[in-house]
Amino acid sequence: MATTNKQNALGKMWCMMFGHQFVKTRNVTGHFKEYQCPVCRLEQTNDAKGERIFMTPELKDINETLMHLYQKRHPAI
């Protein structure tokens, strides 16, 4: 458990010095996406304006609902 905390602290320090390296993790819809930094595990998503904002539990729930409604309306063929 101590090594996990050390790795997380080193990852946060790395991102503070050199910036985050965000990778797209999931397409919620055609316009909304989720991103995560593989170094420090910070998550972000798009807002209504298309800018990236930090992921909160409320936004995570909104994205889940939005993805469910989008998949229901646009079924895979």
# chains A, B, ... in the order shown; residues from 1 in each chain; ligands from 1
>>> residues_around(residues="Asn63 of chain A", least_positions_apart="4", cutoff="8 Å", atoms="only C-alpha atoms", output="mmCIF file with all heavy atoms, in the first residue's frame")
data_model
loop_
_atom_site.group_PDB
_atom_site.id
_atom_site.type_symbol
_atom_site.label_atom_id
_atom_site.label_comp_id
_atom_site.auth_asym_id
_atom_site.auth_seq_id
_atom_site.Cartn_x
_atom_site.Cartn_y
_atom_site.Cartn_z
ATOM 1 N N VAL A 28 -18.853 9.351 -24.762
ATOM 2 C CA VAL A 28 -20.177 9.340 -24.158
ATOM 3 C C VAL A 28 -21.208 9.468 -25.267
ATOM 4 O O VAL A 28 -22.145 8.684 -25.361
ATOM 5 C CB VAL A 28 -20.318 10.474 -23.117
ATOM 6 C CG1 VAL A 28 -21.705 10.475 -22.520
ATOM 7 C CG2 VAL A 28 -19.269 10.313 -22.030
ATOM 8 N N LEU A 59 -21.002 14.855 -12.467
ATOM 9 C CA LEU A 59 -20.770 14.802 -13.912
ATOM 10 C C LEU A 59 -20.639 13.368 -14.407
ATOM 11 O O LEU A 59 -21.070 13.045 -15.515
ATOM 12 C CB LEU A 59 -19.518 15.596 -14.276
ATOM 13 C CG LEU A 59 -19.648 17.109 -14.213
ATOM 14 C CD1 LEU A 59 -18.298 17.759 -14.444
ATOM 15 C CD2 LEU A 59 -20.652 17.594 -15.236
ATOM 16 N N MET A 67 -25.089 8.767 -21.863
ATOM 17 C CA MET A 67 -24.662 7.655 -22.715
ATOM 18 C C MET A 67 -25.782 6.620 -22.867
ATOM 19 O O MET A 67 -26.022 6.106 -23.962
ATOM 20 C CB MET A 67 -23.408 6.989 -22.146
ATOM 21 C CG MET A 67 -22.812 5.949 -23.065
ATOM 22 S SD MET A 67 -21.227 5.337 -22.523
ATOM 23 C CE MET A 67 -21.710 4.308 -21.178
#
>>> residues_around(residues="segment 45-54 of chain A", least_positions_apart="6", cutoff="12 Å", atoms="only C-alpha atoms", output="PyMOL selection string")
chain A and resi 22-37+60-64
>>> select_by_dssp(residues="chain A", states="strand (DSSP E or B)", output="JSON, numbers by chain")
{"A": [23, 24, 25, 26, 27, 33, 34, 35, 36, 43, 44, 45, 46, 52, 53, 54]}
>>> write_last_selection(atoms="N, CA, C and O atoms", output="compact mmCIF listing (two decimals), in the first residue's frame")
# COMPACT_ATOMS: atom_id res chain seq x y z
N VAL A 23 -5.56 11.07 -22.19
CA VAL A 23 -5.90 10.08 -23.20
C VAL A 23 -7.41 9.91 -23.16
O VAL A 23 -8.01 9.84 -22.08
N LYS A 24 -8.04 9.85 -24.33
CA LYS A 24 -9.49 9.66 -24.39
C LYS A 24 -9.81 8.25 -23.92
O LYS A 24 -9.29 7.27 -24.44
N THR A 25 -10.67 8.14 -22.89
CA THR A 25 -11.01 6.83 -22.35
C THR A 25 -12.38 6.34 -22.81
O THR A 25 -12.59 5.14 -22.87
N ARG A 26 -13.30 7.28 -23.12
CA ARG A 26 -14.64 6.83 -23.49
C ARG A 26 -15.36 7.92 -24.27
O ARG A 26 -15.26 9.10 -23.96
N ASN A 27 -16.10 7.52 -25.29
CA ASN A 27 -17.01 8.40 -26.01
C ASN A 27 -18.37 8.28 -25.35
O ASN A 27 -18.99 7.22 -25.39
N LYS A 33 -16.93 13.46 -24.46
CA LYS A 33 -15.92 12.42 -24.28
C LYS A 33 -15.36 12.51 -22.87
O LYS A 33 -15.48 13.53 -22.21
N GLU A 34 -14.76 11.43 -22.41
CA GLU A 34 -14.08 11.42 -21.12
C GLU A 34 -12.60 11.17 -21.35
O GLU A 34 -12.23 10.39 -22.23
N TYR A 35 -11.78 11.83 -20.56
CA TYR A 35 -10.33 11.75 -20.68
C TYR A 35 -9.74 11.40 -19.32
O TYR A 35 -10.32 11.71 -18.28
N GLN A 36 -8.56 10.74 -19.33
CA GLN A 36 -7.87 10.42 -18.09
C GLN A 36 -6.36 10.52 -18.31
O GLN A 36 -5.86 10.13 -19.36
N GLU A 43 -9.24 12.71 -14.03
CA GLU A 43 -10.26 12.53 -15.07
C GLU A 43 -10.86 13.88 -15.45
O GLU A 43 -11.05 14.74 -14.60
N GLN A 44 -11.18 14.03 -16.72
CA GLN A 44 -11.84 15.22 -17.23
C GLN A 44 -12.90 14.81 -18.24
O GLN A 44 -12.89 13.70 -18.76
N THR A 45 -13.83 15.73 -18.49
CA THR A 45 -14.87 15.53 -19.48
C THR A 45 -15.14 16.85 -20.18
O THR A 45 -14.62 17.88 -19.77
N ASN A 46 -15.94 16.82 -21.22
CA ASN A 46 -16.32 18.05 -21.92
C ASN A 46 -17.54 18.66 -21.24
O ASN A 46 -18.39 17.95 -20.73
N ARG A 52 -12.74 21.29 -21.63
CA ARG A 52 -12.52 20.22 -20.66
C ARG A 52 -12.66 20.76 -19.24
O ARG A 52 -12.13 21.81 -18.91
N ILE A 53 -13.38 19.99 -18.43
CA ILE A 53 -13.54 20.33 -17.02
C ILE A 53 -13.26 19.09 -16.19
O ILE A 53 -13.32 17.96 -16.68
N PHE A 54 -12.93 19.29 -14.91
CA PHE A 54 -12.63 18.17 -14.03
C PHE A 54 -13.87 17.34 -13.77
O PHE A 54 -14.97 17.87 -13.62
>>> select_by_dssp(residues="chain A", states="alpha helix (DSSP H)", output="ChimeraX atom specification")
/A:2-18,57-73
